[in-house]
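**Student:** Sharing start.tsv, TSV, C-alpha atoms:
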chain	number	residue	atom	x	y	z
A	1173	MET	CA	0.55	-35.92	-6.71
A	1174	ARG	CA	-1.78	-34.83	-3.91
A	1175	ALA	CA	-2.70	-31.18	-3.42
A	1176	LEU	CA	-5.22	-28.87	-1.75
A	1177	VAL	CA	-7.43	-27.60	-4.59
A	1178	PHE	CA	-9.75	-24.58	-4.54
A	1179	HIS	CA	-13.16	-25.32	-6.07
A	1180	GLY	CA	-14.89	-21.99	-5.44
A	1181	PRO	CA	-15.85	-19.92	-2.38
A	1182	GLY	CA	-16.15	-22.18	0.65
A	1183	GLN	CA	-14.99	-25.25	-1.26
A	1184	SER	CA	-11.62	-27.02	-1.28
A	1185	SER	CA	-10.43	-30.61	-1.14
A	1186	TRP	CA	-7.28	-32.75	-0.92
A	1187	ASP	CA	-7.17	-34.13	-4.47
A	1188	THR	CA	-4.98	-36.09	-6.85
A	1189	VAL	CA	-3.71	-33.74	-9.58
A	1190	PRO	CA	-1.05	-33.94	-12.32
A	1191	ASP	CA	2.57	-33.49	-11.23
A	1192	PRO	CA	3.98	-30.06	-12.14
A	1193	ALA	CA	6.42	-29.84	-15.03
A	1194	ILE	CA	8.93	-27.29	-16.30
A	1195	GLN	CA	7.07	-24.82	-18.53
A	1196	GLN	CA	9.72	-22.12	-18.94
A	1197	PRO	CA	13.52	-22.43	-18.80
A	1198	THR	CA	13.49	-20.16	-15.73
A	1199	ASP	CA	11.29	-22.60	-13.74
A	1200	ALA	CA	12.27	-25.04	-11.02
A	1201	ILE	CA	10.31	-27.94	-9.55
A	1202	VAL	CA	10.49	-28.18	-5.75
A	1203	ARG	CA	9.50	-31.18	-3.64
A	1204	VAL	CA	7.55	-29.61	-0.80
A	1205	ASP	CA	8.81	-30.80	2.58
A	1206	THR	CA	7.17	-28.07	4.71
A	1207	THR	CA	4.31	-25.71	3.98
A	1208	THR	CA	1.78	-23.69	5.97
A	1209	ILE	CA	-1.54	-21.86	5.73
A	1210	CYS	CA	-1.85	-18.09	5.48
A	1211	GLY	CA	-4.73	-15.85	6.44
A	1212	THR	CA	-4.83	-14.91	2.75
A	1213	ASP	CA	-5.78	-18.52	1.96
A	1214	LEU	CA	-8.80	-18.08	4.22
A	1215	HIS	CA	-9.67	-14.86	2.37
A	1216	ILE	CA	-9.51	-16.82	-0.91
A	1217	LEU	CA	-11.88	-19.45	0.47
A	1218	LYS	CA	-14.28	-16.71	1.56
A	1219	GLY	CA	-14.34	-15.36	-2.01
A	1220	ASP	CA	-12.39	-12.20	-1.18
A	1221	VAL	CA	-9.83	-12.82	-3.96
A	1222	PRO	CA	-11.93	-13.43	-7.11
A	1223	GLU	CA	-8.86	-13.77	-9.37
A	1224	VAL	CA	-8.29	-17.26	-7.96
A	1225	ARG	CA	-9.97	-19.69	-10.35
A	1226	PRO	CA	-11.56	-23.00	-9.35
A	1227	GLY	CA	-9.05	-25.80	-9.89
A	1228	THR	CA	-6.09	-23.81	-8.52
A	1229	VAL	CA	-3.79	-25.46	-5.99
A	1230	LEU	CA	-3.65	-23.15	-2.97
A	1231	GLY	CA	-0.66	-21.99	-0.93
A	1232	HIS	CA	2.28	-19.65	-1.44
A	1233	GLU	CA	4.77	-20.72	1.27
A	1234	ALA	CA	7.14	-23.69	1.24
A	1235	VAL	CA	10.48	-25.16	2.15
A	1236	GLY	CA	11.73	-28.07	0.08
A	1237	VAL	CA	14.33	-29.56	-2.22
A	1238	ILE	CA	14.74	-28.82	-5.92
A	1239	THR	CA	14.12	-31.92	-8.03
A	1240	GLU	CA	14.52	-30.26	-11.44
A	1241	ALA	CA	15.73	-26.87	-12.71
A	1242	GLY	CA	15.14	-25.29	-16.10
A	1243	ASP	CA	18.04	-24.63	-18.48
A	1244	ALA	CA	18.06	-20.88	-17.69
A	1245	VAL	CA	18.24	-21.33	-13.90
A	1246	GLY	CA	21.76	-20.37	-12.88
A	1247	ALA	CA	21.74	-19.98	-9.09
A	1248	PHE	CA	20.25	-23.36	-8.15
A	1249	GLN	CA	20.45	-27.00	-9.06
A	1250	ALA	CA	18.69	-30.25	-8.23
A	1251	GLY	CA	19.30	-31.24	-4.61
A	1252	ASP	CA	19.42	-27.71	-3.20
A	1253	ARG	CA	17.33	-27.14	-0.06
A	1254	VAL	CA	15.43	-23.91	-0.59
A	1255	LEU	CA	12.89	-21.48	0.75
A	1256	VAL	CA	10.09	-20.75	-1.73
A	1257	SER	CA	9.16	-17.08	-1.53
A	1258	CYS	CA	5.52	-16.02	-1.76
A	1259	ILE	CA	6.61	-13.50	-4.42
A	1260	SER	CA	8.10	-14.27	-7.82
A	1261	GLY	CA	10.10	-11.70	-9.80
A	1262	CYS	CA	11.31	-11.66	-13.40
A	1263	GLY	CA	14.29	-9.46	-12.45
A	1264	ARG	CA	14.07	-7.41	-15.65
A	1265	CYS	CA	10.97	-5.19	-15.58
A	1266	ARG	CA	10.93	-1.69	-14.08
A	1267	TYR	CA	9.52	-2.77	-10.74
A	1268	CYS	CA	11.87	-5.72	-10.31
A	1269	ARG	CA	14.87	-3.51	-11.09
A	1270	GLU	CA	13.67	-1.25	-8.26
A	1271	GLY	CA	13.33	-4.22	-5.87
A	1272	ALA	CA	9.52	-4.02	-5.96
A	1273	TYR	CA	9.11	-7.67	-6.95
A	1274	GLY	CA	5.51	-7.77	-5.74
A	1275	GLN	CA	4.57	-5.49	-8.66
A	1276	CYS	CA	6.44	-7.49	-11.34
A	1277	LEU	CA	5.12	-6.68	-14.82
A	1278	SER	CA	6.27	-9.86	-16.56
A	1279	GLY	CA	4.20	-12.57	-14.97
A	1280	GLY	CA	5.60	-12.42	-11.45
A	1281	GLY	CA	4.39	-10.84	-8.22
A	1282	TRP	CA	2.07	-12.86	-6.00
A	1283	ILE	CA	1.20	-15.70	-8.36
A	1284	LEU	CA	1.66	-18.94	-6.37
A	1285	GLY	CA	-1.72	-20.14	-5.12
A	1286	HIS	CA	-3.26	-17.09	-6.77
A	1287	LEU	CA	-2.75	-17.08	-10.54
A	1288	VAL	CA	-0.83	-20.36	-10.82
A	1289	ASP	CA	-0.79	-23.56	-8.78
A	1290	GLY	CA	0.69	-23.13	-5.33
A	1291	THR	CA	2.59	-24.87	-2.58
A	1292	GLN	CA	0.02	-26.82	-0.57
A	1293	ALA	CA	0.98	-29.91	-2.51
A	1294	GLU	CA	3.65	-32.58	-2.75
A	1295	TYR	CA	5.45	-30.65	-5.52
A	1296	VAL	CA	5.31	-27.11	-6.88
A	1297	ARG	CA	6.52	-25.38	-10.02
A	1298	VAL	CA	8.33	-22.16	-9.08
A	1299	PRO	CA	8.54	-19.57	-11.89
A	1300	PHE	CA	11.57	-17.24	-12.07
A	1301	ALA	CA	13.46	-19.56	-9.75
A	1302	ASP	CA	16.65	-17.50	-9.53
A	1303	LEU	CA	14.79	-14.65	-7.78
A	1304	SER	CA	11.99	-16.66	-6.17
A	1305	LEU	CA	14.07	-19.17	-4.20
A	1306	HIS	CA	16.60	-18.78	-1.38
A	1307	LYS	CA	19.17	-21.38	-0.36
A	1308	LEU	CA	18.77	-22.39	3.26
A	1309	PRO	CA	21.67	-22.91	5.68
A	1310	ASP	CA	21.68	-26.36	7.27
A	1311	GLU	CA	21.31	-24.85	10.74
A	1312	VAL	CA	17.94	-23.20	9.97
A	1313	PRO	CA	15.07	-25.63	10.72
A	1314	SER	CA	12.37	-25.89	8.07
A	1315	GLU	CA	9.69	-25.17	10.69
A	1316	GLN	CA	11.25	-21.75	11.28
A	1317	ALA	CA	12.35	-21.02	7.72
A	1318	ILE	CA	8.77	-21.40	6.48
A	1319	LEU	CA	7.91	-18.14	8.26
A	1320	LEU	CA	10.24	-16.31	5.88
A	1321	SER	CA	8.10	-17.27	2.88
A	1322	ASP	CA	5.53	-14.63	3.77
A	1323	ILE	CA	4.59	-13.49	7.27
A	1324	LEU	CA	7.94	-12.17	8.52
A	1325	PRO	CA	8.85	-10.20	5.37
A	1326	THR	CA	5.25	-9.00	5.03
A	1327	ALA	CA	5.07	-7.72	8.60
A	1328	TYR	CA	8.53	-6.19	8.34
A	1329	GLU	CA	8.18	-4.50	4.94
A	1330	VAL	CA	4.50	-3.58	4.80
A	1331	GLY	CA	4.13	-2.85	8.51
A	1332	VAL	CA	7.40	-1.81	10.12
A	1333	LEU	CA	9.24	-0.26	7.18
A	1334	ASN	CA	6.20	1.35	5.54
A	1335	GLY	CA	5.10	2.57	8.96
A	1336	ARG	CA	8.56	4.06	9.55
A	1337	VAL	CA	8.92	2.80	13.10
A	1338	THR	CA	11.70	4.68	14.90
A	1339	PRO	CA	13.21	4.45	18.40
A	1340	GLY	CA	10.87	5.68	21.10
A	1341	ASP	CA	7.69	5.44	19.04
A	1342	THR	CA	4.36	4.29	20.39
A	1343	VAL	CA	3.30	1.52	18.00
A	1344	VAL	CA	-0.21	0.03	17.98
A	1345	ILE	CA	-0.83	-3.19	16.04
A	1346	VAL	CA	-4.50	-3.93	15.45
A	1347	GLY	CA	-4.80	-7.67	14.92
A	1348	ALA	CA	-2.64	-10.25	16.72
A	1349	GLY	CA	-2.87	-13.09	14.25
A	1350	PRO	CA	0.33	-14.45	12.73
A	1351	ILE	CA	1.01	-11.30	10.69
A	1352	GLY	CA	0.29	-8.99	13.61
A	1353	LEU	CA	2.52	-11.07	15.89
A	1354	ALA	CA	5.29	-10.99	13.29
A	1355	ALA	CA	4.86	-7.21	13.27
A	1356	VAL	CA	5.34	-7.14	17.04
A	1357	ALA	CA	8.53	-9.17	16.70
A	1358	THR	CA	10.01	-7.12	13.85
A	1359	ALA	CA	8.96	-3.73	15.26
A	1360	ARG	CA	11.12	-4.54	18.28
A	1361	LEU	CA	14.18	-4.41	15.99
A	1362	TYR	CA	13.74	-0.59	15.98
A	1363	SER	CA	13.47	-0.07	19.75
A	1364	PRO	CA	10.03	1.56	19.93
A	1365	GLY	CA	9.10	3.04	23.25
A	1366	ARG	CA	5.89	1.06	23.54
A	1367	ILE	CA	4.12	-1.64	21.53
A	1368	VAL	CA	0.39	-2.18	21.99
A	1369	ALA	CA	-1.43	-5.19	20.50
A	1370	VAL	CA	-5.20	-5.22	19.95
A	1371	ASP	CA	-7.24	-8.35	19.24
A	1372	LEU	CA	-10.49	-10.12	20.06
A	1373	ALA	CA	-8.85	-13.38	21.20
A	1374	ARG	CA	-7.22	-13.60	24.63
A	1375	SER	CA	-4.88	-16.37	23.46
A	1376	ARG	CA	-3.47	-14.15	20.72
A	1377	LEU	CA	-2.99	-11.26	23.10
A	1378	ASP	CA	-1.09	-13.59	25.42
A	1379	ALA	CA	1.12	-14.55	22.47
A	1380	ALA	CA	1.69	-10.87	21.71
A	1381	LYS	CA	2.92	-10.35	25.27
A	1382	ARG	CA	5.32	-13.27	24.92
A	1383	LEU	CA	6.68	-11.79	21.69
A	1384	GLY	CA	7.33	-8.38	23.23
A	1385	ALA	CA	4.15	-6.29	23.29
A	1386	ASP	CA	4.20	-3.96	26.28
A	1387	ASP	CA	0.41	-3.65	26.48
A	1388	VAL	CA	-2.51	-5.68	25.13
A	1389	VAL	CA	-6.10	-4.50	24.71
A	1390	GLN	CA	-9.13	-6.58	23.81
A	1391	ALA	CA	-10.91	-5.15	20.80
A	1392	GLU	CA	-14.25	-4.84	22.64
A	1393	GLU	CA	-12.65	-2.47	25.16
A	1394	ASP	CA	-12.12	1.27	24.77
A	1395	VAL	CA	-9.08	1.08	22.49
A	1396	GLU	CA	-9.25	4.76	21.59
A	1397	GLY	CA	-9.37	5.80	25.24
A	1398	PHE	CA	-6.46	3.53	26.12
A	1399	VAL	CA	-4.26	4.93	23.35
A	1400	ARG	CA	-5.13	8.52	24.29
A	1401	GLY	CA	-4.32	7.72	27.90
A	1402	ILE	CA	-0.81	6.40	27.22
A	1403	THR	CA	0.09	9.14	24.72
A	1404	GLY	CA	-1.08	12.24	26.57
A	1405	GLY	CA	-4.03	12.55	24.21
A	1406	LEU	CA	-1.93	12.65	21.03
A	1407	GLY	CA	-2.44	9.18	19.57
A	1408	ALA	CA	0.05	6.58	18.41
A	1409	ASP	CA	3.04	7.40	16.21
A	1410	VAL	CA	2.53	4.27	14.11
A	1411	VAL	CA	-0.59	2.13	13.76
A	1412	MET	CA	-0.62	-1.12	11.77
A	1413	GLU	CA	-3.82	-2.73	10.49
A	1414	ALA	CA	-3.35	-6.50	10.44
A	1415	VAL	CA	-6.91	-7.82	10.19
A	1416	GLY	CA	-8.42	-6.80	6.85
A	1417	VAL	CA	-11.90	-5.62	7.85
A	1418	PRO	CA	-13.36	-2.11	7.57
A	1419	GLN	CA	-13.85	-1.62	11.31
A	1420	SER	CA	-10.20	-2.27	12.13
A	1421	PHE	CA	-8.91	0.05	9.40
A	1422	GLU	CA	-11.22	2.83	10.52
A	1423	LEU	CA	-10.10	2.31	14.14
A	1424	CYS	CA	-6.50	2.72	13.03
A	1425	THR	CA	-7.23	6.11	11.48
A	1426	ARG	CA	-8.87	7.26	14.71
A	1427	ILE	CA	-6.01	6.32	17.05
A	1428	VAL	CA	-3.03	7.64	15.07
A	1429	ARG	CA	-1.59	11.02	16.07
A	1430	PRO	CA	-1.39	14.01	13.70
A	1431	GLY	CA	1.71	13.50	11.59
A	1432	GLY	CA	1.69	9.76	12.26
A	1433	HIS	CA	1.65	6.71	10.02
A	1434	VAL	CA	-1.04	4.12	9.33
A	1435	ALA	CA	0.39	1.02	7.65
A	1436	ASN	CA	-2.26	-1.32	6.26
A	1437	ILE	CA	-1.08	-4.95	6.16
A	1438	GLY	CA	-4.45	-6.75	6.16
A	1439	VAL	CA	-6.09	-8.23	3.06
A	1440	HIS	CA	-9.41	-6.44	2.54
A	1441	GLY	CA	-12.40	-7.97	0.80
A	1442	LYS	CA	-14.81	-5.09	1.44
A	1443	PRO	CA	-14.62	-1.28	1.17
A	1444	ALA	CA	-13.53	0.73	4.20
A	1445	ALA	CA	-14.52	4.34	4.79
A	1446	LEU	CA	-11.77	6.94	4.58
A	1447	HIS	CA	-13.05	9.87	6.63
A	1448	LEU	CA	-11.20	12.66	4.89
A	1449	GLU	CA	-13.52	15.18	6.54
A	1450	ASP	CA	-11.62	14.37	9.75
A	1451	LEU	CA	-8.26	13.25	8.39
A	1452	TRP	CA	-7.36	15.92	5.82
A	1453	ILE	CA	-6.01	18.23	8.52
A	1454	LYS	CA	-3.93	15.61	10.39
A	1455	ASN	CA	-0.87	15.31	8.10
A	1456	LEU	CA	-1.22	11.53	8.06
A	1457	THR	CA	0.68	9.04	5.93
A	1458	ILE	CA	-1.42	6.01	5.02
A	1459	THR	CA	0.33	3.18	3.20
A	1460	THR	CA	-0.87	-0.03	1.65
A	1461	GLY	CA	1.30	-2.73	0.20
A	1462	LEU	CA	1.94	-6.16	-1.13
A	1463	VAL	CA	5.19	-7.58	0.21
A	1464	ASP	CA	8.17	-7.48	-2.17
A	1465	THR	CA	10.31	-9.94	-0.14
A	1466	SER	CA	13.39	-7.81	-0.87
A	1467	SER	CA	14.13	-8.10	2.87
A	1468	THR	CA	14.17	-11.92	2.88
A	1469	PRO	CA	17.98	-12.32	2.65
A	1470	ALA	CA	18.49	-9.99	5.63
A	1471	LEU	CA	15.75	-11.69	7.63
A	1472	LEU	CA	17.28	-15.08	6.82
A	1473	ARG	CA	20.61	-13.90	8.23
A	1474	MET	CA	18.83	-12.69	11.37
A	1475	LEU	CA	16.99	-15.98	11.72
A	1476	ALA	CA	20.22	-17.97	11.35
A	1477	ALA	CA	21.78	-15.76	14.03
A	1478	GLY	CA	18.89	-16.36	16.44
A	1479	ARG	CA	17.62	-12.77	16.25
A	1480	LEU	CA	14.02	-13.59	15.29
A	1481	PRO	CA	11.60	-15.52	17.55
A	1482	ALA	CA	10.25	-17.65	14.71
A	1483	ALA	CA	9.66	-20.74	16.84
A	1484	GLU	CA	7.28	-18.74	19.08
A	1485	LEU	CA	4.86	-18.24	16.18
A	1486	THR	CA	4.14	-21.93	15.55
A	1487	THR	CA	1.47	-23.70	17.60
A	1488	HIS	CA	0.40	-26.78	15.61
A	1489	THR	CA	2.09	-29.35	13.36
A	1490	PHE	CA	0.37	-31.63	10.84
A	1491	ALA	CA	1.30	-34.19	8.22
A	1492	LEU	CA	0.83	-33.15	4.60
A	1493	ASP	CA	-2.08	-35.54	4.09
A	1494	ALA	CA	-3.84	-33.91	7.07
A	1495	MET	CA	-4.15	-30.63	5.15
A	1496	GLU	CA	-7.90	-30.40	5.57
A	1497	GLU	CA	-7.62	-30.92	9.33
A	1498	ALA	CA	-4.94	-28.21	9.43
A	1499	TYR	CA	-7.30	-25.79	7.65
A	1500	ASP	CA	-10.06	-26.57	10.12
A	1501	VAL	CA	-7.82	-25.88	13.12
A	1502	PHE	CA	-6.34	-22.72	11.59
A	1503	SER	CA	-9.73	-21.32	10.56
A	1504	ARG	CA	-11.05	-21.70	14.14
A	1505	ALA	CA	-8.11	-19.94	15.75
A	1506	ALA	CA	-10.21	-18.28	18.44
A	1507	GLU	CA	-11.25	-21.74	19.67
A	1508	THR	CA	-8.07	-23.72	18.94
A	1509	GLY	CA	-5.45	-21.11	19.85
A	1510	ALA	CA	-3.77	-21.66	16.48
A	1511	LEU	CA	-1.20	-19.15	15.34
A	1512	LYS	CA	0.95	-20.53	12.54
A	1513	VAL	CA	0.42	-24.17	11.61
A	1514	VAL	CA	3.31	-26.14	10.12
A	1515	ILE	CA	2.57	-28.92	7.65
A	1516	ASN	CA	5.34	-31.43	6.99
A	1517	ARG	CA	5.79	-34.22	4.49
A	1518	SER	CA	5.56	-37.50	6.38
Using structure tokens, write down the structure from this file.
**Tutor:**
Amino acid sequence: MRALVFHGPGQSSWDTVPDPAIQQPTDAIVRVDTTTICGTDLHILKGDVPEVRPGTVLGHEAVGVITEAGDAVGAFQAGDRVLVSCISGCGRCRYCREGAYGQCLSGGGWILGHLVDGTQAEYVRVPFADLSLHKLPDEVPSEQAILLSDILPTAYEVGVLNGRVTPGDTVVIVGAGPIGLAAVATARLYSPGRIVAVDLARSRLDAAKRLGADDVVQAEEDVEGFVRGITGGLGADVVMEAVGVPQSFELCTRIVRPGGHVANIGVHGKPAALHLEDLWIKNLTITTGLVDTSSTPALLRMLAAGRLPAAELTTHTFALDAMEEAYDVFSRAAETGALKVVINRS
């Protein structure tokens, strides 16, 4: 089959590799019909995720059809149209029994495109298929369902739920890439009083407005002054970091109010300063997190009911054999205006 293979920092190519095969009775093989590129894939290519070994097929998001299921797979069979979750869970360890599948102790968690071959390929082996796949209703288009593999549950769980957004809150989301925009969309489910999006790119701020942000601020402007101005000097109730660089995290800790929440969503490749000399007295809650995807079934019901603006997050569509072109467009988002790119089998 053909697949996008990581060869080391800054190096990847669309290669011919062996077809995946069942390795454990809990595995399934999925023919990939739709996949996409995540900001985390760009972090891998930059060398920010050293656990990814050269030779690994990248990608952790897919929609497709099962072609083969292991003997221990009970919930699915060949021919089922499924969503491939970015997180795999054994279902038996302590964390899985608590619904924290991202921390699976038995070979699960975030493994696709990380520790095992991923989804940016014609076929993918999905470990722990019963917990890692979701049947898709016919009425949900693949181009929208793909957003439930990662960005919508990540924004919702790691940003909105960890940040404890409540009605009337002032919410600031630093970073208006796909994850930040998904955070705008899912924060609206809790009726905050005001949502502010911060980014460098005008096109992404425009997208944030379309998705429901009340205010947008370019990152070069006086973000701290703006937030103080709209909150009577207090600061925001909830601040989400959706970039993954030290400067944005440190900004988040400066604009949150005493007693507020900072929810870090971004993937960080470098240390960020935690100024406890200023923060110890502020009663802050700072959370980090890898998505568990325990919310995926609920989000899928909302998507099927038309409650999530998934279509608004997609800007470009490519054929599977144009994977390298898709990466180029996605990596130059400030120039191309790319948000989420959808990659379909021809």
**Student:** Any chance you could tabulate, as a tab-separated table, the residues of region 1429-1515 of chain A at most 6 Å from region 1317-1333 of chain A with each one's nearest atom pair and distance in Å to one decimal, using all atoms listed in the file, in chain and rising number order?
**Tutor:**
residue	atom	partner	partner_atom	distance
A:Ala1435	CA	A:Gly1331	CA	5.5
A:Ile1437	CA	A:Val1330	CA	5.9
A:Gly1461	CA	A:Val1330	CA	5.7
A:Val1463	CA	A:Thr1326	CA	5.0
A:Thr1465	CA	A:Pro1325	CA	5.7
**Student:** To one decimal place, how far is CA of Gly1384 (chain A) from CA of Gly1509 (chain A) in Å?
**Tutor:**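 According to the coordinates, CA of Gly1384 (chain A) and CA of Gly1509 (chain A) are separated by 18.4 Å.
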**Student:** How many Å lie between CA of Arg1504 (chain A) and CA of Phe1421 (chain A), rounded to one decimal?
**Tutor:**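 Distance reported for this atom pair: 22.4 Å.
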**Student:** Between CA of Gly1404 (chain A) and CA of Ile1427 (chain A), what is the distance in Å, rounded to a tenth?
**Tutor:**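 Distance reported for this atom pair: 12.2 Å.
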**Student:** Considering only C-alpha atoms, state which residue in the set A:Leu1284, A:Leu1353, A:Leu1214, A:Cys1276 is at the smallest distance from Pro1481 (chain A).
**Tutor:**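 Closest to Pro1481 (chain A), using only C-alpha atoms: A:Leu1353.
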**Student:** For Ala1444 (chain A), find every residue with an atom within 10 Å (counting all atoms listed in the file), except residues of its own chain fewer than 6 positions away, and show them as a list in words.
**Tutor:** Gly1416, Val1417, Pro1418, Gln1419, Ser1420, Phe1421 and Glu1422 of chain A
**Student:** Mind checking which residues fall within 7 Å of Val1337 (chain A), counting all atoms listed in the file, ignoring those fewer than 6 positions away in the same chain, and posting them as a VMD selection string?
**Tutor:** chain A and resid 1359 1362 1410
**Student:** Of the residues A:Ala1175, A:Val1439, A:Val1202, A:Val1501, which is the one nearest to Phe1248 (chain A), using only C-alpha atoms?
**Tutor:** A:Val1202
**Student:** For Gln1316 (chain A), which residue among A:Val1434, A:Leu1217, A:Leu1255, A:Ile1351 is the nearest when counting all atoms listed in the file?
**Tutor:**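 Answer, going by the shortest atom-to-atom distance: A:Leu1255.
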**Student:** Please provide as a tab-separated table (two decimals) with C-alpha atoms, in the coordinates of the input all residues within 7 Å of region 1230-1245 of chain A, with the sequence filter that same-chain residues fewer than 4 positions apart are discarded (counting only C-alpha atoms).
**Tutor:**
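Ended up saving to part.tsv:
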chain	number	residue	atom	x	y	z
A	1176	LEU	CA	-5.22	-28.87	-1.75
A	1177	VAL	CA	-7.43	-27.60	-4.59
A	1178	PHE	CA	-9.75	-24.58	-4.54
A	1194	ILE	CA	8.93	-27.29	-16.30
A	1196	GLN	CA	9.72	-22.12	-18.94
A	1197	PRO	CA	13.52	-22.43	-18.80
A	1198	THR	CA	13.49	-20.16	-15.73
A	1199	ASP	CA	11.29	-22.60	-13.74
A	1200	ALA	CA	12.27	-25.04	-11.02
A	1201	ILE	CA	10.31	-27.94	-9.55
A	1202	VAL	CA	10.49	-28.18	-5.75
A	1203	ARG	CA	9.50	-31.18	-3.64
A	1204	VAL	CA	7.55	-29.61	-0.80
A	1205	ASP	CA	8.81	-30.80	2.58
A	1206	THR	CA	7.17	-28.07	4.71
A	1207	THR	CA	4.31	-25.71	3.98
A	1208	THR	CA	1.78	-23.69	5.97
A	1209	ILE	CA	-1.54	-21.86	5.73
A	1213	ASP	CA	-5.78	-18.52	1.96
A	1249	GLN	CA	20.45	-27.00	-9.06
A	1250	ALA	CA	18.69	-30.25	-8.23
A	1251	GLY	CA	19.30	-31.24	-4.61
A	1252	ASP	CA	19.42	-27.71	-3.20
A	1253	ARG	CA	17.33	-27.14	-0.06
A	1254	VAL	CA	15.43	-23.91	-0.59
A	1255	LEU	CA	12.89	-21.48	0.75
A	1256	VAL	CA	10.09	-20.75	-1.73
A	1257	SER	CA	9.16	-17.08	-1.53
A	1258	CYS	CA	5.52	-16.02	-1.76
A	1284	LEU	CA	1.66	-18.94	-6.37
A	1285	GLY	CA	-1.72	-20.14	-5.12
A	1289	ASP	CA	-0.79	-23.56	-8.78
A	1290	GLY	CA	0.69	-23.13	-5.33
A	1291	THR	CA	2.59	-24.87	-2.58
A	1292	GLN	CA	0.02	-26.82	-0.57
A	1301	ALA	CA	13.46	-19.56	-9.75
A	1302	ASP	CA	16.65	-17.50	-9.53
A	1314	SER	CA	12.37	-25.89	8.07
A	1318	ILE	CA	8.77	-21.40	6.48
A	1321	SER	CA	8.10	-17.27	2.88
A	1322	ASP	CA	5.53	-14.63	3.77
**Student:** Kindly provide the residues of region 1266-1348 of chain A that approach region 1387-1402 of chain A to within 10 Å, each paired with its closest atom pair and their distance in Å to one decimal, based on all atoms listed in the file, listed by chain and increasing number, as a tab-separated table.
**Tutor:**
residue	atom	partner	partner_atom	distance
A:Thr1342	CA	A:Ile1402	CA	8.8
A:Val1343	CA	A:Val1399	CA	9.9
A:Val1344	CA	A:Val1399	CA	8.3
A:Ile1345	CA	A:Val1388	CA	9.6
A:Val1346	CA	A:Ala1391	CA	8.4
A:Gly1347	CA	A:Ala1391	CA	8.8
A:Ala1348	CA	A:Val1388	CA	9.6
**Student:** Looking at A:His1306, A:Arg1264, A:Arg1426, A:His1488, which one is nearest to His1447 (chain A), with distances taken over all atoms listed in the file?
**Tutor:**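 Nearest candidate to His1447 (chain A) out of A:His1306, A:Arg1264, A:Arg1426, A:His1488: A:Arg1426.
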**Student:** If we count all atoms listed in the file, what is near Leu1287 (chain A) at a cut-off of 10 Å, once residues fewer than 6 positions away on the same chain are taken out, given as a VMD selection string?
**Tutor:** chain A and resid 1223 to 1225 1228 to 1230 1279 to 1281
**Student:** List the spatial neighbours of region 1496-1499 of chain A as a list in words - criterion: any atom at most 8 Å away, only C-alpha atoms, same-chain residues fewer than 6 positions off excluded.
**Tutor:** Leu1176, Ser1185, Trp1186, Ile1209, Phe1490, Val1513 and Ile1515 of chain A
**Student:** Rank nothing, just name the residue among A:Glu1413, A:Asp1386, A:Asp1378, A:Asp1191 nearest to Leu1511 (chain A), using only C-alpha atoms.
**Tutor:**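 Once distances to Leu1511 (chain A) are computed over only C-alpha atoms, the minimum belongs to A:Asp1378.
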